[in-house]
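Worksheet: one structure, shown below.
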Amino acid sequence: MTGWQHPYPADYGDALELALVEDIGPGDLTAACLDPHLNVRGLIEAQATGIVCGVGIAAECLSAVAEVEVLIEDGDSVESGTPVLNLEGPAVGCLSHERVALNFLMHLSGIASLTHQFVEAVKGTKASIVDTRKTLPGMRSLQKYAVRCGGGRNHRMGLYDAVMIKDNHIQACGSISKAVERARKRIPHTAKIEVEISRLSQLGEAVNAGADIIMLDNMSPQDMAEAVRKVAGKSVLLEASGGINLSSVRRVAETGVHLISVGALTHSAPALPLHLELS
């Protein structure tokens with residue numbers, strides 16, 4: 001058992017290396033109080049209920065200095081007291097790598113747990129919960145991985161894998177139709193085009209221009225429901241976005257939209273508490 005849920009982000013090693021360099025630097029000064037020959041055993045366990053994520057990267061972090069036994073995998077449910085992994089090795093190494101391992105675990109578990117709450121809130125509707133590009137620099141692939149572990153879906157990874165024509169693009173191009181036409185001529189045939197609209201009056205132009213996805217930005221549930229009725233039978237997806245929270249997401253989902261994007265999944269998820277205890 002590795003702890004990872006596949007597919008896992010291929011670039012996680014870069015984030016891990018940077019985190020270790022940032023924290024340990026040229027050496028852990030506090031390790032001066034430890035017997036360099038002392039071996040310890042320890043257990044990482046959850047301190048709250050949620051969805052765990054980051055087990056794989058935490059195990060990789062700690063396995064560089066200790067023997068690690070992974071007990072659960074990313075995406076599993078935990079309660080307070082649930083054991084996550086065991087480790088045994090030199091005290092110096094275990095304690096110098098403890099914080100980095102826990103930082104990844106707590107942050108990614110927080111994202112997975114919040115995503116799971118949103119997913120549960122819309123259960124029974126056709127809506128899927130998706131993330132955004134509102135991520136920490138250098139952490140995007142891991143944060144989006146955590147969203148998947150929580151049952152959500154990923155929006156575009158970056159500017160390079162899908163077109164998102166927003167209000168400023170429309171303003172610069174002159175119209176939705178011109179923006180979509182120009183983009184379609186220059187992108188691969190496999191790439192999708194999404195258009196953001198903030199008024200129902202823009203919906204027809206976006207559909208006629210050939211948008212694959214239309215984002216309904218900060219619209220009322222009534223307007224969203226009307227948009228759903230207007231595109232019924234057409235091969236276009238509708239995405240709701242803008243300030244959607246756990247209190248409002250069910251009402252949004254019941255309008256019939258296909259996707260609900262929530263920036264808070266990655267930029268505002270509270271960490272799930274976990275700790276390492278030596279035995």
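Residues are named by chain letter and number: chains run A, B, ... in the order of the structure tokens, numbers start at 1 in each chain, and ligands are numbered from 1 in the order shown.
Contact shell of Cys94 in chain A at 10 Å (only C-alpha atoms; same-chain neighbours under 3 positions omitted): Asn39, Val40, Arg41, Gly42, Cys61, Leu62, Ser63, Ala64, Val65, Ala66, Glu67, Leu87, Glu88, Gly89, Pro90, Ala91, His97, Glu98, Arg99, Ala101, Leu276 and Leu278 of chain A.
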Keeping N, CA and C atoms, export the residues of the selection given above as a compact mmCIF listing (two decimals), in the first residue's frame.
# COMPACT_ATOMS: atom_id res chain seq x y z
N ASN A 39 16.72 5.35 18.10
CA ASN A 39 15.63 4.98 17.20
C ASN A 39 14.29 5.14 17.92
N VAL A 40 13.28 5.55 17.19
CA VAL A 40 11.96 5.75 17.78
C VAL A 40 10.89 5.10 16.90
N ARG A 41 9.74 4.87 17.52
CA ARG A 41 8.55 4.44 16.78
C ARG A 41 7.48 5.51 16.94
N GLY A 42 6.70 5.67 15.89
CA GLY A 42 5.67 6.70 15.96
C GLY A 42 4.45 6.34 15.13
N CYS A 61 7.85 11.36 2.12
CA CYS A 61 8.67 12.27 2.91
C CYS A 61 9.37 11.53 4.05
N LEU A 62 8.62 10.72 4.77
CA LEU A 62 9.16 10.05 5.95
C LEU A 62 9.99 8.82 5.60
N SER A 63 9.69 8.17 4.47
CA SER A 63 10.43 6.96 4.12
C SER A 63 11.88 7.25 3.74
N ALA A 64 12.20 8.52 3.54
CA ALA A 64 13.59 8.89 3.27
C ALA A 64 14.45 8.74 4.52
N VAL A 65 13.80 8.72 5.70
CA VAL A 65 14.56 8.67 6.96
C VAL A 65 14.09 7.55 7.88
N ALA A 66 13.04 6.82 7.52
CA ALA A 66 12.48 5.82 8.43
C ALA A 66 11.77 4.72 7.65
N GLU A 67 11.48 3.64 8.34
CA GLU A 67 10.63 2.60 7.79
C GLU A 67 9.19 3.02 8.02
N LEU A 87 5.66 4.59 11.71
CA LEU A 87 7.04 4.76 11.27
C LEU A 87 8.00 4.34 12.36
N GLU A 88 9.19 3.93 11.95
CA GLU A 88 10.25 3.55 12.88
C GLU A 88 11.58 3.92 12.25
N GLY A 89 12.39 4.65 13.02
CA GLY A 89 13.68 5.06 12.49
C GLY A 89 14.38 6.01 13.43
N PRO A 90 15.50 6.60 12.99
CA PRO A 90 16.26 7.52 13.82
C PRO A 90 15.42 8.72 14.25
N ALA A 91 15.50 9.07 15.52
CA ALA A 91 14.74 10.20 16.03
C ALA A 91 15.06 11.49 15.29
N HIS A 97 11.58 15.61 9.75
CA HIS A 97 10.66 15.49 8.61
C HIS A 97 9.19 15.52 9.03
N GLU A 98 8.94 15.53 10.33
CA GLU A 98 7.57 15.45 10.84
C GLU A 98 6.68 16.59 10.33
N ARG A 99 7.15 17.82 10.45
CA ARG A 99 6.30 18.96 10.13
C ARG A 99 5.93 19.01 8.65
N ALA A 101 5.74 16.49 6.53
CA ALA A 101 4.77 15.42 6.26
C ALA A 101 3.38 15.82 6.74
N LEU A 276 1.59 13.47 14.97
CA LEU A 276 2.51 12.35 15.12
C LEU A 276 2.81 12.16 16.60
N LEU A 278 5.00 9.76 19.30
CA LEU A 278 6.03 8.73 19.50
C LEU A 278 5.60 7.81 20.61
request  = List the neighbours of Leu216 in chain A out to 9 Å using only C-alpha atoms; skip same-chain residues closer than 6 positions along the sequence, and give me the result as a list in words.
outcome  = Val195, Glu196, Ile197, Ser198, Arg199, Leu200, Leu203, Asp223, Met224, Ala227, Leu238, Glu239, Ala240, Ser241 and Gly242 of chain A
key: All helix (DSSP H, G or I) positions in range 74-150 of chain A, as a PyMOL selection string   = chain A and resi 91-121+140-149
Selection file, N, CA and C atoms, as a compact mmCIF listing (two decimals), in the first residue's frame:
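Saved the output as selection31.txt:
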# COMPACT_ATOMS: atom_id res chain seq x y z
N ALA A 91 15.50 9.07 15.52
CA ALA A 91 14.74 10.20 16.03
C ALA A 91 15.06 11.49 15.29
N VAL A 92 16.33 11.68 14.97
CA VAL A 92 16.76 12.91 14.28
C VAL A 92 16.00 13.06 12.96
N GLY A 93 15.98 12.02 12.16
CA GLY A 93 15.31 12.10 10.87
C GLY A 93 13.81 12.20 10.98
N CYS A 94 13.22 11.39 11.85
CA CYS A 94 11.76 11.39 11.99
C CYS A 94 11.24 12.76 12.42
N LEU A 95 11.91 13.36 13.40
CA LEU A 95 11.42 14.63 13.92
C LEU A 95 11.73 15.80 13.00
N SER A 96 12.79 15.71 12.20
CA SER A 96 13.08 16.79 11.26
C SER A 96 12.14 16.77 10.05
N HIS A 97 11.58 15.61 9.75
CA HIS A 97 10.66 15.49 8.61
C HIS A 97 9.19 15.52 9.03
N GLU A 98 8.94 15.53 10.33
CA GLU A 98 7.57 15.45 10.84
C GLU A 98 6.68 16.59 10.33
N ARG A 99 7.15 17.82 10.45
CA ARG A 99 6.30 18.96 10.13
C ARG A 99 5.93 19.01 8.65
N VAL A 100 6.89 18.73 7.79
CA VAL A 100 6.61 18.75 6.35
C VAL A 100 5.56 17.70 6.00
N ALA A 101 5.74 16.49 6.53
CA ALA A 101 4.77 15.42 6.26
C ALA A 101 3.38 15.82 6.74
N LEU A 102 3.30 16.36 7.95
CA LEU A 102 2.00 16.75 8.49
C LEU A 102 1.39 17.93 7.75
N ASN A 103 2.23 18.87 7.30
CA ASN A 103 1.70 20.02 6.56
C ASN A 103 0.99 19.56 5.29
N PHE A 104 1.62 18.66 4.55
CA PHE A 104 0.97 18.13 3.35
C PHE A 104 -0.32 17.38 3.72
N LEU A 105 -0.24 16.53 4.71
CA LEU A 105 -1.42 15.74 5.12
C LEU A 105 -2.58 16.63 5.56
N MET A 106 -2.30 17.59 6.40
CA MET A 106 -3.37 18.42 6.95
C MET A 106 -4.01 19.30 5.88
N HIS A 107 -3.17 19.91 5.05
CA HIS A 107 -3.70 20.81 4.02
C HIS A 107 -4.51 20.05 2.97
N LEU A 108 -3.93 18.97 2.45
CA LEU A 108 -4.62 18.22 1.40
C LEU A 108 -5.86 17.51 1.94
N SER A 109 -5.79 17.03 3.18
CA SER A 109 -6.97 16.41 3.79
C SER A 109 -8.09 17.43 3.99
N GLY A 110 -7.71 18.67 4.30
CA GLY A 110 -8.71 19.72 4.43
C GLY A 110 -9.45 19.97 3.13
N ILE A 111 -8.70 19.99 2.02
CA ILE A 111 -9.32 20.18 0.71
C ILE A 111 -10.24 19.01 0.37
N ALA A 112 -9.74 17.79 0.56
CA ALA A 112 -10.55 16.61 0.27
C ALA A 112 -11.81 16.59 1.13
N SER A 113 -11.69 16.98 2.38
CA SER A 113 -12.84 16.96 3.30
C SER A 113 -13.89 17.99 2.91
N LEU A 114 -13.44 19.21 2.57
CA LEU A 114 -14.39 20.24 2.16
C LEU A 114 -15.06 19.86 0.84
N THR A 115 -14.27 19.31 -0.10
CA THR A 115 -14.85 18.87 -1.36
C THR A 115 -15.93 17.83 -1.12
N HIS A 116 -15.65 16.89 -0.24
CA HIS A 116 -16.62 15.83 0.07
C HIS A 116 -17.92 16.43 0.62
N GLN A 117 -17.82 17.47 1.42
CA GLN A 117 -19.03 18.11 1.96
C GLN A 117 -19.87 18.70 0.83
N PHE A 118 -19.22 19.34 -0.13
CA PHE A 118 -19.94 19.90 -1.27
C PHE A 118 -20.58 18.80 -2.12
N VAL A 119 -19.81 17.74 -2.35
CA VAL A 119 -20.32 16.62 -3.15
C VAL A 119 -21.55 16.00 -2.48
N GLU A 120 -21.49 15.82 -1.18
CA GLU A 120 -22.63 15.26 -0.45
C GLU A 120 -23.83 16.20 -0.51
N ALA A 121 -23.56 17.50 -0.50
CA ALA A 121 -24.66 18.47 -0.49
C ALA A 121 -25.46 18.47 -1.78
N ARG A 140 -0.61 23.37 -7.29
CA ARG A 140 -1.86 23.16 -8.03
C ARG A 140 -2.17 21.69 -8.26
N SER A 141 -1.20 20.92 -8.76
CA SER A 141 -1.51 19.53 -9.09
C SER A 141 -1.87 18.74 -7.84
N LEU A 142 -1.22 19.03 -6.72
CA LEU A 142 -1.55 18.34 -5.47
C LEU A 142 -2.92 18.77 -4.94
N GLN A 143 -3.22 20.06 -5.02
CA GLN A 143 -4.52 20.53 -4.54
C GLN A 143 -5.66 19.98 -5.40
N LYS A 144 -5.45 19.93 -6.71
CA LYS A 144 -6.47 19.37 -7.58
C LYS A 144 -6.60 17.85 -7.38
N TYR A 145 -5.50 17.20 -7.07
CA TYR A 145 -5.54 15.78 -6.71
C TYR A 145 -6.40 15.58 -5.46
N ALA A 146 -6.25 16.48 -4.49
CA ALA A 146 -7.04 16.38 -3.26
C ALA A 146 -8.53 16.56 -3.54
N VAL A 147 -8.86 17.43 -4.49
CA VAL A 147 -10.26 17.59 -4.89
C VAL A 147 -10.81 16.27 -5.42
N ARG A 148 -10.03 15.60 -6.25
CA ARG A 148 -10.48 14.30 -6.78
C ARG A 148 -10.66 13.28 -5.66
N CYS A 149 -9.74 13.30 -4.69
CA CYS A 149 -9.85 12.36 -3.57
C CYS A 149 -11.11 12.62 -2.75
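All residues of protein, DNA or RNA that reach within 8 Å of range 124-136 of chain A, judged by only C-alpha atoms and not counting those fewer than 4 positions away in the chain, are Thr115, Phe118, Val119, Arg140, Gln143, Lys144, Val147, Gly152, Arg153, Asn154, His155, Arg156, Met157, Gly158, Ala253, Glu254, Gly256, Val257, His258, Leu259, Ile260, Ser261, Val262, Gly263, Leu265, Thr266 and His267 of chain A.
The environment of Glu69 in chain A within 9 Å, counting only C-alpha atoms and disregarding residues fewer than 5 places along the same chain, consists of Met1, Thr2, Ala59, Val84, Leu85, Asn86, Leu87 and Glu88 of chain A.
Secondary structure by DSSP on the backbone puts the following residues of range 105-214 of chain A in strand (DSSP E): Ser128, Ile129, Val130, Val163, Met164, Ile165, Ile193, Glu194, Val195, Glu196, Ile197, Ile213 and Ile214 of chain A.
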For C-alpha atoms, I'd like the residues from the last selection saved as an mmCIF file, in the first residue's frame.
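Result written to selection_13.cif:
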data_model
loop_
_atom_site.group_PDB
_atom_site.id
_atom_site.type_symbol
_atom_site.label_atom_id
_atom_site.label_comp_id
_atom_site.auth_asym_id
_atom_site.auth_seq_id
_atom_site.Cartn_x
_atom_site.Cartn_y
_atom_site.Cartn_z
ATOM 1 C CA SER A 128 -20.741 17.839 -10.387
ATOM 2 C CA ILE A 129 -18.500 19.857 -8.066
ATOM 3 C CA VAL A 130 -15.374 21.191 -9.787
ATOM 4 C CA VAL A 163 -10.086 28.021 -23.445
ATOM 5 C CA MET A 164 -11.937 30.204 -20.958
ATOM 6 C CA ILE A 165 -13.278 33.382 -22.539
ATOM 7 C CA ILE A 193 -14.071 26.450 -25.336
ATOM 8 C CA GLU A 194 -15.869 27.860 -22.295
ATOM 9 C CA VAL A 195 -17.509 31.289 -22.290
ATOM 10 C CA GLU A 196 -18.339 33.225 -19.143
ATOM 11 C CA ILE A 197 -21.569 35.217 -19.143
ATOM 12 C CA ILE A 213 -19.409 25.139 -21.910
ATOM 13 C CA ILE A 214 -21.090 28.301 -20.662
#
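The space between CA of Pro221 in chain A and CA of Ser201 in chain A spans 15.6 Å.
Between CA of Glu22 in chain A and CA of Gly54 in chain A the interatomic distance comes to 18.6 Å.
Using only C-alpha atoms for every distance, the candidate list A:Ala31, A:Asp11, A:Ala162, A:Gly56 yields A:Asp11 as the residue closest to Met139 in chain A.
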inquiry  = Can you pull out the residues contacting Gly50 in chain A? Cut-off 7 Å, using only C-alpha atoms, and skip same-chain residues under 3 positions away; I want them as a PyMOL selection string.
reply    = chain A and resi 77-79+113
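Pairwise distance (CA of His37 in chain A, CA of Asp23 in chain A) equals 22.6 Å.
Using only C-alpha atoms, the nearest neighbour of Pro137 in chain A within the list A:Ala15, A:Leu38, A:Val231, A:Ala10 is A:Ala15.
Considering the residues A:Ile176, A:Ala271, A:Ile187, A:Val122 and counting only C-alpha atoms, Ser248 in chain A has its shortest atom-to-atom contact with A:Val122.
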